[in-house]
$ cat protein-v5.cif   # mmCIF, C-alpha atoms
data_input
loop_
_atom_site.group_PDB
_atom_site.id
_atom_site.type_symbol
_atom_site.label_atom_id
_atom_site.label_comp_id
_atom_site.auth_asym_id
_atom_site.auth_seq_id
_atom_site.Cartn_x
_atom_site.Cartn_y
_atom_site.Cartn_z
ATOM 1 C CA MET A 28 -31.516 -17.804 5.315
ATOM 2 C CA ASP A 29 -33.066 -18.129 1.852
ATOM 3 C CA LEU A 30 -30.691 -20.575 0.140
ATOM 4 C CA SER A 31 -32.072 -19.807 -3.304
ATOM 5 C CA LYS A 32 -31.289 -16.097 -2.864
ATOM 6 C CA LEU A 33 -27.845 -16.943 -1.526
ATOM 7 C CA HIS A 34 -27.160 -19.168 -4.525
ATOM 8 C CA HIS A 35 -28.378 -16.442 -6.885
ATOM 9 C CA THR A 36 -26.053 -13.907 -5.210
ATOM 10 C CA GLU A 37 -23.071 -16.242 -5.503
ATOM 11 C CA LYS A 38 -23.832 -16.775 -9.197
ATOM 12 C CA ALA A 39 -23.931 -12.997 -9.638
ATOM 13 C CA TYR A 40 -20.495 -12.728 -7.993
ATOM 14 C CA GLU A 41 -19.176 -15.397 -10.358
ATOM 15 C CA HIS A 42 -20.619 -13.530 -13.327
ATOM 16 C CA LEU A 43 -19.013 -10.275 -12.169
ATOM 17 C CA ARG A 44 -15.658 -11.987 -11.778
ATOM 18 C CA ALA A 45 -15.920 -13.607 -15.225
ATOM 19 C CA GLU A 46 -16.874 -10.316 -16.873
ATOM 20 C CA TYR A 47 -13.942 -8.570 -15.228
ATOM 21 C CA ARG A 48 -11.487 -11.264 -16.386
ATOM 22 C CA GLU A 49 -12.713 -10.898 -19.962
ATOM 23 C CA LEU A 50 -12.466 -7.112 -19.970
ATOM 24 C CA TYR A 51 -9.189 -6.664 -18.082
ATOM 25 C CA PRO A 52 -5.777 -8.357 -18.421
ATOM 26 C CA SER A 53 -4.523 -10.740 -15.738
ATOM 27 C CA HIS A 54 -1.331 -8.703 -15.382
ATOM 28 C CA VAL A 55 -0.315 -5.097 -14.859
ATOM 29 C CA GLU A 56 0.219 -3.368 -18.191
ATOM 30 C CA GLU A 57 3.560 -1.634 -18.778
ATOM 31 C CA VAL A 58 4.614 1.433 -20.754
ATOM 32 C CA THR A 59 8.101 2.845 -21.222
ATOM 33 C CA ASP A 60 7.385 6.540 -20.720
ATOM 34 C CA PRO A 61 4.607 8.550 -19.049
ATOM 35 C CA LEU A 62 1.427 9.005 -21.071
ATOM 36 C CA ASP A 63 -0.171 12.338 -21.801
ATOM 37 C CA PRO A 64 -2.806 13.229 -19.157
ATOM 38 C CA LEU A 65 -5.800 12.607 -21.425
ATOM 39 C CA THR A 66 -4.645 9.150 -22.541
ATOM 40 C CA PHE A 67 -3.671 8.193 -18.979
ATOM 41 C CA HIS A 68 -7.084 9.233 -17.664
ATOM 42 C CA ARG A 69 -9.044 7.634 -20.493
ATOM 43 C CA LYS A 70 -7.246 4.265 -20.555
ATOM 44 C CA TYR A 71 -6.364 3.787 -16.879
ATOM 45 C CA VAL A 72 -7.925 6.196 -14.377
ATOM 46 C CA SER A 73 -11.453 6.044 -15.767
ATOM 47 C CA GLN A 74 -11.178 2.261 -16.126
ATOM 48 C CA ASN A 75 -9.660 1.801 -12.659
ATOM 49 C CA ARG A 76 -6.782 -0.139 -14.201
ATOM 50 C CA PRO A 77 -3.219 -0.280 -12.752
ATOM 51 C CA LEU A 78 -0.198 0.631 -14.842
ATOM 52 C CA LEU A 79 3.588 0.276 -14.500
ATOM 53 C CA ILE A 80 5.601 3.145 -16.013
ATOM 54 C CA LYS A 81 9.243 2.226 -16.579
ATOM 55 C CA ASN A 82 10.895 5.632 -17.114
ATOM 56 C CA ALA A 83 8.528 7.722 -15.048
ATOM 57 C CA VAL A 84 11.099 9.780 -13.122
ATOM 58 C CA LYS A 85 14.376 9.487 -15.021
ATOM 59 C CA HIS A 86 14.943 13.228 -14.480
ATOM 60 C CA TRP A 87 14.920 12.951 -10.669
ATOM 61 C CA PRO A 88 18.276 13.745 -8.957
ATOM 62 C CA ALA A 89 17.130 11.394 -6.183
ATOM 63 C CA LEU A 90 17.852 8.367 -8.398
ATOM 64 C CA THR A 91 21.594 9.035 -8.189
ATOM 65 C CA LYS A 92 21.849 11.049 -4.972
ATOM 66 C CA TRP A 93 19.741 9.171 -2.440
ATOM 67 C CA ASN A 94 21.995 6.843 -0.498
ATOM 68 C CA HIS A 95 23.091 6.599 3.122
ATOM 69 C CA ASP A 96 26.057 8.952 2.721
ATOM 70 C CA TYR A 97 23.884 11.632 1.133
ATOM 71 C CA PHE A 98 21.226 11.295 3.831
ATOM 72 C CA ARG A 99 23.829 11.534 6.594
ATOM 73 C CA GLU A 100 25.213 14.721 5.042
ATOM 74 C CA LYS A 101 21.884 16.414 4.357
ATOM 75 C CA ILE A 102 19.544 15.231 7.129
ATOM 76 C CA GLY A 103 21.656 13.128 9.475
ATOM 77 C CA SER A 104 20.762 15.142 12.584
ATOM 78 C CA THR A 105 17.102 15.620 11.613
ATOM 79 C CA GLU A 106 14.547 14.124 14.005
ATOM 80 C CA ILE A 107 12.294 11.691 12.161
ATOM 81 C CA THR A 108 9.394 9.406 13.036
ATOM 82 C CA VAL A 109 10.001 5.656 12.712
ATOM 83 C CA THR A 110 7.609 2.763 13.351
ATOM 84 C CA VAL A 111 8.802 -0.375 15.135
ATOM 85 C CA THR A 112 7.196 -3.836 15.186
ATOM 86 C CA PRO A 113 8.454 -7.230 16.350
ATOM 87 C CA ASN A 114 7.519 -9.029 13.117
ATOM 88 C CA GLY A 115 7.420 -6.359 10.399
ATOM 89 C CA TYR A 116 3.633 -6.188 10.228
ATOM 90 C CA ALA A 117 2.312 -2.728 11.076
ATOM 91 C CA ASP A 118 -1.443 -2.115 11.104
ATOM 92 C CA ALA A 119 -2.274 -5.801 10.969
ATOM 93 C CA ILE A 120 -4.135 -8.506 12.863
ATOM 94 C CA CYS A 121 -2.125 -10.272 15.591
ATOM 95 C CA ASN A 122 -3.392 -12.420 18.463
ATOM 96 C CA GLY A 123 -6.983 -11.478 17.800
ATOM 97 C CA ARG A 124 -6.341 -7.738 17.782
ATOM 98 C CA PHE A 125 -5.691 -5.073 15.171
ATOM 99 C CA VAL A 126 -2.221 -3.950 16.251
ATOM 100 C CA MET A 127 -0.537 -0.718 15.255
ATOM 101 C CA PRO A 128 3.237 -0.144 15.474
ATOM 102 C CA GLU A 129 5.109 1.748 18.112
ATOM 103 C CA GLU A 130 6.063 5.204 16.853
ATOM 104 C CA ARG A 131 9.534 6.297 17.854
ATOM 105 C CA THR A 132 11.472 9.528 17.283
ATOM 106 C CA MET A 133 15.166 9.307 16.404
ATOM 107 C CA THR A 134 17.686 11.046 14.208
ATOM 108 C CA MET A 135 18.119 9.963 10.611
ATOM 109 C CA ASN A 136 21.678 8.976 11.531
ATOM 110 C CA GLY A 137 20.327 6.664 14.220
ATOM 111 C CA PHE A 138 17.931 5.066 11.759
ATOM 112 C CA LEU A 139 20.673 4.613 9.155
ATOM 113 C CA ASP A 140 22.926 3.013 11.775
ATOM 114 C CA ILE A 141 20.228 0.394 12.293
ATOM 115 C CA MET A 142 19.799 -0.119 8.530
ATOM 116 C CA ASP A 143 23.576 -0.565 8.137
ATOM 117 C CA GLU A 144 23.845 -3.264 10.813
ATOM 118 C CA ASP A 145 23.586 -6.951 10.100
ATOM 119 C CA VAL A 146 20.167 -8.042 11.342
ATOM 120 C CA SER A 147 21.626 -10.808 13.493
ATOM 121 C CA GLN A 148 24.038 -8.343 15.147
ATOM 122 C CA ARG A 149 21.641 -5.518 15.893
ATOM 123 C CA MET A 150 21.505 -4.074 19.339
ATOM 124 C CA GLU A 151 18.082 -2.560 18.633
ATOM 125 C CA LYS A 152 15.299 -5.134 18.526
ATOM 126 C CA GLY A 153 12.422 -4.966 16.111
ATOM 127 C CA VAL A 154 11.700 -4.115 12.489
ATOM 128 C CA PHE A 155 12.153 -0.420 11.674
ATOM 129 C CA TYR A 156 10.247 1.424 8.954
ATOM 130 C CA ILE A 157 9.756 5.052 7.927
ATOM 131 C CA GLN A 158 6.139 4.977 6.851
ATOM 132 C CA LYS A 159 4.321 7.938 8.379
ATOM 133 C CA GLN A 160 1.607 8.711 5.854
ATOM 134 C CA ASN A 161 0.990 12.381 6.646
ATOM 135 C CA SER A 162 2.885 13.942 3.732
ATOM 136 C CA ASN A 163 6.091 13.439 5.703
ATOM 137 C CA LEU A 164 8.244 14.235 2.650
ATOM 138 C CA LYS A 165 7.002 17.828 2.867
ATOM 139 C CA ASP A 166 7.453 17.886 6.642
ATOM 140 C CA GLU A 167 10.213 15.813 8.238
ATOM 141 C CA PHE A 168 12.060 15.259 4.945
ATOM 142 C CA SER A 169 11.477 18.645 3.307
ATOM 143 C CA THR A 170 15.237 19.058 2.662
ATOM 144 C CA LEU A 171 14.944 16.242 0.118
ATOM 145 C CA LEU A 172 12.112 17.831 -1.861
ATOM 146 C CA LYS A 173 14.483 19.455 -4.353
ATOM 147 C CA ASP A 174 15.555 15.961 -5.474
ATOM 148 C CA VAL A 175 12.059 14.904 -6.619
ATOM 149 C CA ASP A 176 8.893 16.454 -8.035
ATOM 150 C CA VAL A 177 6.504 18.067 -5.557
ATOM 151 C CA ASP A 178 3.737 16.508 -7.654
ATOM 152 C CA ILE A 179 3.521 14.418 -10.824
ATOM 153 C CA PRO A 180 2.527 17.085 -13.395
ATOM 154 C CA TRP A 181 0.747 14.768 -15.850
ATOM 155 C CA GLY A 182 -0.945 13.016 -12.921
ATOM 156 C CA THR A 183 -2.098 16.298 -11.428
ATOM 157 C CA LYS A 184 -3.651 17.243 -14.776
ATOM 158 C CA ALA A 185 -5.293 13.840 -15.169
ATOM 159 C CA PHE A 186 -6.734 13.787 -11.635
ATOM 160 C CA GLY A 187 -7.649 17.475 -11.718
ATOM 161 C CA CYS A 188 -6.119 18.267 -8.330
ATOM 162 C CA GLU A 189 -2.872 18.527 -6.395
ATOM 163 C CA PRO A 190 -1.816 15.497 -4.313
ATOM 164 C CA ASP A 191 -3.291 15.316 -0.818
ATOM 165 C CA ALA A 192 -0.067 13.805 0.518
ATOM 166 C CA VAL A 193 3.498 13.068 -0.601
ATOM 167 C CA ASN A 194 5.077 10.342 1.516
ATOM 168 C CA PHE A 195 8.649 9.096 2.020
ATOM 169 C CA TRP A 196 9.199 5.379 2.733
ATOM 170 C CA MET A 197 12.347 3.534 3.813
ATOM 171 C CA GLY A 198 13.041 0.481 5.938
ATOM 172 C CA ASP A 199 13.772 -3.156 6.649
ATOM 173 C CA GLU A 200 13.143 -5.890 4.138
ATOM 174 C CA LYS A 201 11.043 -7.561 6.850
ATOM 175 C CA ALA A 202 8.644 -4.603 6.917
ATOM 176 C CA ILE A 203 5.414 -5.751 5.280
ATOM 177 C CA THR A 204 2.273 -3.791 4.504
ATOM 178 C CA SER A 205 -0.707 -6.059 5.135
ATOM 179 C CA MET A 206 -3.488 -6.346 2.568
ATOM 180 C CA HIS A 207 -5.774 -3.294 2.507
ATOM 181 C CA ARG A 208 -7.271 -0.748 0.124
ATOM 182 C CA ASP A 209 -7.174 3.058 0.051
ATOM 183 C CA HIS A 210 -9.559 5.804 -1.034
ATOM 184 C CA TYR A 211 -6.764 7.436 -3.002
ATOM 185 C CA GLU A 212 -5.362 7.345 -6.516
ATOM 186 C CA ASN A 213 -1.778 6.335 -5.844
ATOM 187 C CA LEU A 214 1.333 7.097 -7.906
ATOM 188 C CA TYR A 215 4.053 5.020 -6.227
ATOM 189 C CA VAL A 216 7.705 5.582 -7.177
ATOM 190 C CA VAL A 217 10.622 3.385 -6.119
ATOM 191 C CA VAL A 218 13.903 5.319 -5.856
ATOM 192 C CA ARG A 219 16.224 2.560 -4.591
ATOM 193 C CA GLY A 220 15.703 -1.195 -4.325
ATOM 194 C CA GLU A 221 12.380 -2.722 -5.253
ATOM 195 C CA LYS A 222 8.847 -3.241 -4.005
ATOM 196 C CA HIS A 223 6.760 -6.373 -4.507
ATOM 197 C CA PHE A 224 3.008 -5.807 -4.785
ATOM 198 C CA ILE A 225 0.197 -8.328 -4.621
ATOM 199 C CA LEU A 226 -2.893 -6.703 -6.118
ATOM 200 C CA LEU A 227 -6.554 -7.665 -6.137
ATOM 201 C CA PRO A 228 -9.229 -5.733 -8.053
ATOM 202 C CA PRO A 229 -12.261 -4.268 -6.256
ATOM 203 C CA THR A 230 -14.451 -6.869 -7.977
ATOM 204 C CA ASP A 231 -12.776 -9.560 -5.828
ATOM 205 C CA LEU A 232 -14.288 -7.997 -2.693
ATOM 206 C CA PRO A 233 -16.758 -10.902 -2.130
ATOM 207 C CA TYR A 234 -13.799 -13.300 -1.802
ATOM 208 C CA ILE A 235 -11.689 -11.194 0.566
ATOM 209 C CA PRO A 236 -12.550 -11.911 4.227
ATOM 210 C CA TYR A 237 -12.838 -9.075 6.727
ATOM 211 C CA GLU A 238 -12.972 -9.447 10.510
ATOM 212 C CA SER A 239 -13.521 -6.951 13.316
ATOM 213 C CA HIS A 240 -10.985 -6.792 16.139
ATOM 214 C CA PRO A 241 -10.253 -4.493 19.084
ATOM 215 C CA SER A 242 -7.335 -2.143 18.448
ATOM 216 C CA ALA A 243 -3.988 -2.247 20.232
ATOM 217 C CA ASN A 244 -0.382 -1.020 19.938
ATOM 218 C CA TYR A 245 3.042 -2.604 20.127
ATOM 219 C CA VAL A 246 4.974 -1.153 23.082
ATOM 220 C CA TYR A 247 8.684 -1.732 23.697
ATOM 221 C CA SER A 248 10.245 -1.693 27.150
ATOM 222 C CA GLY A 249 13.766 -0.671 28.129
ATOM 223 C CA ASP A 250 15.145 -4.198 27.773
ATOM 224 C CA GLY A 251 13.917 -4.431 24.182
ATOM 225 C CA SER A 252 11.002 -6.741 24.896
ATOM 226 C CA CYS A 253 7.726 -6.009 23.132
ATOM 227 C CA SER A 254 4.162 -6.356 24.352
ATOM 228 C CA ILE A 255 0.708 -5.676 22.914
ATOM 229 C CA VAL A 256 -1.238 -3.034 24.825
ATOM 230 C CA ASP A 257 -4.973 -2.672 24.209
ATOM 231 C CA SER A 258 -6.218 0.701 23.075
ATOM 232 C CA LYS A 259 -8.431 2.733 25.391
ATOM 233 C CA ASP A 260 -10.738 3.193 22.406
ATOM 234 C CA LYS A 261 -13.187 0.282 22.553
ATOM 235 C CA GLU A 262 -14.306 0.586 18.943
ATOM 236 C CA LYS A 263 -13.386 -2.381 16.785
ATOM 237 C CA VAL A 264 -11.438 -2.167 13.531
ATOM 238 C CA SER A 265 -12.564 -4.077 10.440
ATOM 239 C CA TRP A 266 -9.524 -5.429 8.611
ATOM 240 C CA ILE A 267 -8.672 -8.057 6.008
ATOM 241 C CA ALA A 268 -8.199 -11.322 7.837
ATOM 242 C CA ILE A 269 -6.133 -13.254 5.314
ATOM 243 C CA ASP A 270 -2.402 -13.156 4.551
ATOM 244 C CA PRO A 271 -1.968 -13.571 0.770
ATOM 245 C CA LEU A 272 1.541 -14.950 1.327
ATOM 246 C CA ASN A 273 0.121 -17.870 3.310
ATOM 247 C CA PRO A 274 -3.667 -17.919 2.863
ATOM 248 C CA ASP A 275 -5.629 -20.220 5.157
ATOM 249 C CA ILE A 276 -7.994 -21.659 2.570
ATOM 250 C CA GLN A 277 -9.593 -24.032 5.059
ATOM 251 C CA LEU A 278 -10.647 -21.106 7.242
ATOM 252 C CA TYR A 279 -11.441 -18.770 4.328
ATOM 253 C CA PRO A 280 -12.387 -21.033 1.384
ATOM 254 C CA GLN A 281 -13.900 -18.162 -0.620
ATOM 255 C CA TYR A 282 -10.412 -16.705 -1.129
ATOM 256 C CA LYS A 283 -9.699 -19.525 -3.605
ATOM 257 C CA LYS A 284 -11.813 -17.611 -6.118
ATOM 258 C CA ALA A 285 -9.713 -14.449 -5.844
ATOM 259 C CA ARG A 286 -7.105 -13.926 -8.546
ATOM 260 C CA PRO A 287 -4.092 -11.990 -7.208
ATOM 261 C CA ILE A 288 -1.867 -10.086 -9.611
ATOM 262 C CA GLN A 289 1.813 -9.687 -8.756
ATOM 263 C CA VAL A 290 4.053 -6.871 -9.915
ATOM 264 C CA THR A 291 7.564 -5.785 -8.942
ATOM 265 C CA VAL A 292 8.410 -2.079 -9.062
ATOM 266 C CA LYS A 293 12.137 -1.360 -9.428
ATOM 267 C CA ALA A 294 14.213 1.780 -8.949
ATOM 268 C CA GLY A 295 13.105 4.545 -11.318
ATOM 269 C CA GLU A 296 9.728 2.914 -11.981
ATOM 270 C CA MET A 297 6.247 4.078 -11.002
ATOM 271 C CA LEU A 298 3.127 2.062 -10.265
ATOM 272 C CA TYR A 299 -0.250 3.653 -10.799
ATOM 273 C CA LEU A 300 -2.368 1.924 -8.151
ATOM 274 C CA PRO A 301 -6.022 2.880 -8.654
ATOM 275 C CA ALA A 302 -8.272 3.745 -5.747
ATOM 276 C CA LEU A 303 -10.023 0.805 -4.023
ATOM 277 C CA TRP A 304 -7.596 -1.835 -5.327
ATOM 278 C CA PHE A 305 -6.479 -4.215 -2.583
ATOM 279 C CA HIS A 306 -2.715 -4.380 -2.160
ATOM 280 C CA HIS A 307 -0.074 -6.134 -0.060
ATOM 281 C CA VAL A 308 3.530 -4.850 -0.199
ATOM 282 C CA ARG A 309 6.996 -6.247 0.521
ATOM 283 C CA GLN A 310 10.372 -4.652 -0.193
ATOM 284 C CA SER A 311 14.112 -5.166 -0.489
ATOM 285 C CA GLN A 312 16.400 -4.146 2.370
ATOM 286 C CA GLY A 313 16.696 -0.369 2.722
ATOM 287 C CA CYS A 314 14.259 0.242 -0.121
ATOM 288 C CA ILE A 315 13.418 3.937 -0.633
ATOM 289 C CA ALA A 316 10.166 5.094 -2.196
ATOM 290 C CA VAL A 317 7.986 8.173 -2.614
ATOM 291 C CA ASN A 318 4.264 8.061 -3.251
ATOM 292 C CA TYR A 319 1.692 10.651 -4.244
ATOM 293 C CA TRP A 320 -1.868 10.293 -2.983
ATOM 294 C CA TYR A 321 -4.523 12.036 -5.055
ATOM 295 C CA ASP A 322 -8.078 12.159 -3.756
ATOM 296 C CA MET A 323 -10.359 9.754 -5.616
ATOM 297 C CA VAL A 324 -13.525 10.919 -7.346
ATOM 298 C CA PHE A 325 -16.532 9.533 -5.494
ATOM 299 C CA ASP A 326 -18.543 8.741 -8.599
ATOM 300 C CA ILE A 327 -20.602 5.805 -9.852
ATOM 301 C CA LYS A 328 -17.653 3.416 -9.310
ATOM 302 C CA TRP A 329 -17.790 4.229 -5.607
ATOM 303 C CA ALA A 330 -21.542 3.592 -5.554
ATOM 304 C CA TYR A 331 -21.035 0.213 -7.257
ATOM 305 C CA TYR A 332 -18.303 -0.686 -4.774
ATOM 306 C CA GLN A 333 -20.485 0.253 -1.798
ATOM 307 C CA PHE A 334 -23.323 -1.837 -3.227
ATOM 308 C CA LEU A 335 -21.017 -4.823 -3.622
ATOM 309 C CA GLN A 336 -19.745 -4.353 -0.060
ATOM 310 C CA GLN A 337 -23.293 -4.372 1.316
ATOM 311 C CA LEU A 338 -24.104 -7.550 -0.595
ATOM 312 C CA SER A 339 -20.922 -9.232 0.605
ATOM 313 C CA ASP A 340 -21.379 -8.196 4.245
ATOM 314 C CA PRO A 341 -24.812 -6.824 5.225
ATOM 315 C CA THR A 342 -23.395 -5.833 8.644
ATOM 316 C CA SER A 343 -20.788 -3.482 7.105
#

$ encode --input "protein-v5.cif" --output "structure tokens"
Amino acid sequence: MDLSKLHHTEKAYEHLRAEYRELYPSHVEEVTDPLDPLTFHRKYVSQNRPLLIKNAVKHWPALTKWNHDYFREKIGSTEITVTVTPNGYADAICNGRFVMPEERTMTMNGFLDIMDEDVSQRMEKGVFYIQKQNSNLKDEFSTLLKDVDVDIPWGTKAFGCEPDAVNFWMGDEKAITSMHRDHYENLYVVVRGEKHFILLPPTDLPYIPYESHPSANYVYSGDGSCSIVDSKDKEKVSWIAIDPLNPDIQLYPQYKKARPIQVTVKAGEMLYLPALWFHHVRQSQGCIAVNYWYDMVFDIKWAYYQFLQQLSDPTS
């Protein structure tokens, strides 16, 4: 290894980080009301900058209607897809493997019964979460569509397309989304409760450790015990190895140079989460949210990101 080239690369990373910190704030900017599409695109989308919008959906009936009683009345007998994990981490590294949750079908009433129980008294074991990211609001939860917007009109104009997916989220406070990044422009609305995001900009990529692991699934047996079953697919999954809630700096010292940004999104608020931003998510008990995924534009920003990824990990 050419140490002089390595040192030069590390200095370039430091320069990139310093330039970013000078150009962008160290917090998520806030506005009271939605911006017009042109201003939103010019100030935030084109600059790949997150934004919290306080009164984004004040016209939604869901803000006052969506509670357990309403769900039981409208969709109580509807079959829905729920994920179950022993520790709340779905799609995350555990015991040297990338482990995905068990998917289980139950009625909405059954899910709400679990949400209503005291955790220590539950008969059902595991952490339950509605998180199927296949536009499930338009599929399994289509009865609820009249209570929200089918798209975000000013977002659709700014992005120049309809959303690829509209997703419904609800679950345990122990359900945690591990750190990752998406190839989507994300408009994330909290309807009830609150979500806690840890964000890292794409420029922090050199300081975020990835590891490759074989894939597996959590599988529950009849007695409620859970095991990890290896996938028949032998391909490995590259995933972020560090937990930002408890980072192992001794094992991953480069993470010390990353600068996480924290933001809490409360009921009625919307977070614009730009494509390629790293994010880790926690929530309050029974939190309900809807998000809109718009396809990102694969432009020069994508080329820069790919270049940075190759420099950070030549094997990627």

$ resolve_selection --input "protein-v5.cif" --expression "the PyMOL selection byres ((chain A and resi 181) around 10)" --output "list in words"
Pro61, Leu62, Asp63, Pro64, Leu65, Phe67, His68, Asp178, Ile179, Pro180, Gly182, Thr183, Lys184, Ala185, Phe186 and Gly187 of chain A

$ closest_residue --input "protein-v5.cif" --among "A:Tyr234, A:Arg99, A:Val264, A:Lys152" --to "Asp140 of chain A" --atoms "only C-alpha atoms"
A:Arg99

$ resolve_selection --input "protein-v5.cif" --expression "the PyMOL selection byres ((chain A and resi 240) around 7)" --output "PyMOL selection string"
chain A and resi 123-125+238-239+241-242+263-265

$ residues_around --input "protein-v5.cif" --residues "Val290 of chain A" --least-positions-apart "5" --cutoff "8 Å" --atoms "only C-alpha atoms" --output "list in words"
His54, Val55, His223, Phe224, Ile225 and Leu226 of chain A

$ residues_around --input "protein-v5.cif" --residues "Val154 of chain A" --least-positions-apart "2" --cutoff "10 Å" --atoms "all atoms listed in the file" --output "PyMOL selection string"
chain A and resi 109-117+128+141-142+146+151-152+156+198-203

$ write_last_selection --input "protein-v5.cif" --atoms "C-alpha atoms" --output "JSON list (two decimals), in the coordinates of the input"
[["chain", "number", "residue", "atom", "x", "y", "z"],
["A", 109, "VAL", "CA", 10.00, 5.66, 12.71],
["A", 110, "THR", "CA", 7.61, 2.76, 13.35],
["A", 111, "VAL", "CA", 8.80, -0.38, 15.14],
["A", 112, "THR", "CA", 7.20, -3.84, 15.19],
["A", 113, "PRO", "CA", 8.45, -7.23, 16.35],
["A", 114, "ASN", "CA", 7.52, -9.03, 13.12],
["A", 115, "GLY", "CA", 7.42, -6.36, 10.40],
["A", 116, "TYR", "CA", 3.63, -6.19, 10.23],
["A", 117, "ALA", "CA", 2.31, -2.73, 11.08],
["A", 128, "PRO", "CA", 3.24, -0.14, 15.47],
["A", 141, "ILE", "CA", 20.23, 0.39, 12.29],
["A", 142, "MET", "CA", 19.80, -0.12, 8.53],
["A", 146, "VAL", "CA", 20.17, -8.04, 11.34],
["A", 151, "GLU", "CA", 18.08, -2.56, 18.63],
["A", 152, "LYS", "CA", 15.30, -5.13, 18.53],
["A", 156, "TYR", "CA", 10.25, 1.42, 8.95],
["A", 198, "GLY", "CA", 13.04, 0.48, 5.94],
["A", 199, "ASP", "CA", 13.77, -3.16, 6.65],
["A", 200, "GLU", "CA", 13.14, -5.89, 4.14],
["A", 201, "LYS", "CA", 11.04, -7.56, 6.85],
["A", 202, "ALA", "CA", 8.64, -4.60, 6.92],
["A", 203, "ILE", "CA", 5.41, -5.75, 5.28]]

$ closest_residue --input "protein-v5.cif" --among "A:Val217, A:Phe138, A:Gly153, A:Val177" --to "Ser248 of chain A" --atoms "only C-alpha atoms"
A:Gly153

$ resolve_selection --input "protein-v5.cif" --expression "the PyMOL selection byres ((chain A and resi 329) around 12)" --output "PyMOL selection string"
chain A and resi 75+210-211+229-230+302-304+323-328+330-336

$ atom_distance --input "protein-v5.cif" --atom1 "atom CA of Asp209 of chain A" --atom2 "atom CA of Tyr247 of chain A"
28.9 Å

$ axis_aligned_box --input "protein-v5.cif" --around "segment 266-281 of chain A" --padding-each-side "4 Å" --output "lines of an AutoDock Vina configuration file"
center_x = -6.2
center_y = -14.7
center_z = 4.0
size_x = 23.4
size_y = 26.6
size_z = 17.2

$ closest_residue --input "protein-v5.cif" --among "A:Val175, A:Met127, A:Ile157, A:Val216" --to "Thr291 of chain A" --atoms "all atoms listed in the file"
A:Val216

$ atom_distance --input "protein-v5.cif" --atom1 "atom CA of Val72 of chain A" --atom2 "atom CA of Glu56 of chain A"
13.1 Å

$ atom_distance --input "protein-v5.cif" --atom1 "atom CA of His86 of chain A" --atom2 "atom CA of Val292 of chain A"
17.5 Å

$ closest_residue --input "protein-v5.cif" --among "A:Leu50, A:Leu278, A:Ala89, A:Ala39" --to "Thr170 of chain A" --atoms "all atoms listed in the file"
A:Ala89

$ closest_residue --input "protein-v5.cif" --among "A:Asn213, A:Asn82, A:Ser73, A:Ser205" --to "Val317 of chain A" --atoms "only C-alpha atoms"
A:Asn213

$ closest_residue --input "protein-v5.cif" --among "A:Arg131, A:Arg48, A:Arg219, A:Arg76" --to "Asn94 of chain A" --atoms "all atoms listed in the file"
A:Arg219

$ residues_around --input "protein-v5.cif" --residues "Pro271 of chain A" --least-positions-apart "3" --cutoff "12 Å" --atoms "all atoms listed in the file" --output "list in words"
Ile203, Thr204, Ser205, Met206, His207, Phe224, Ile225, Leu226, Leu227, Ile235, Pro236, Ile267, Ala268, Pro274, Asp275, Ile276, Tyr279, Tyr282, Lys283, Ala285, Arg286, Pro287, Ile288, Gln289, Phe305, His306, His307, Val308 and Arg309 of chain A
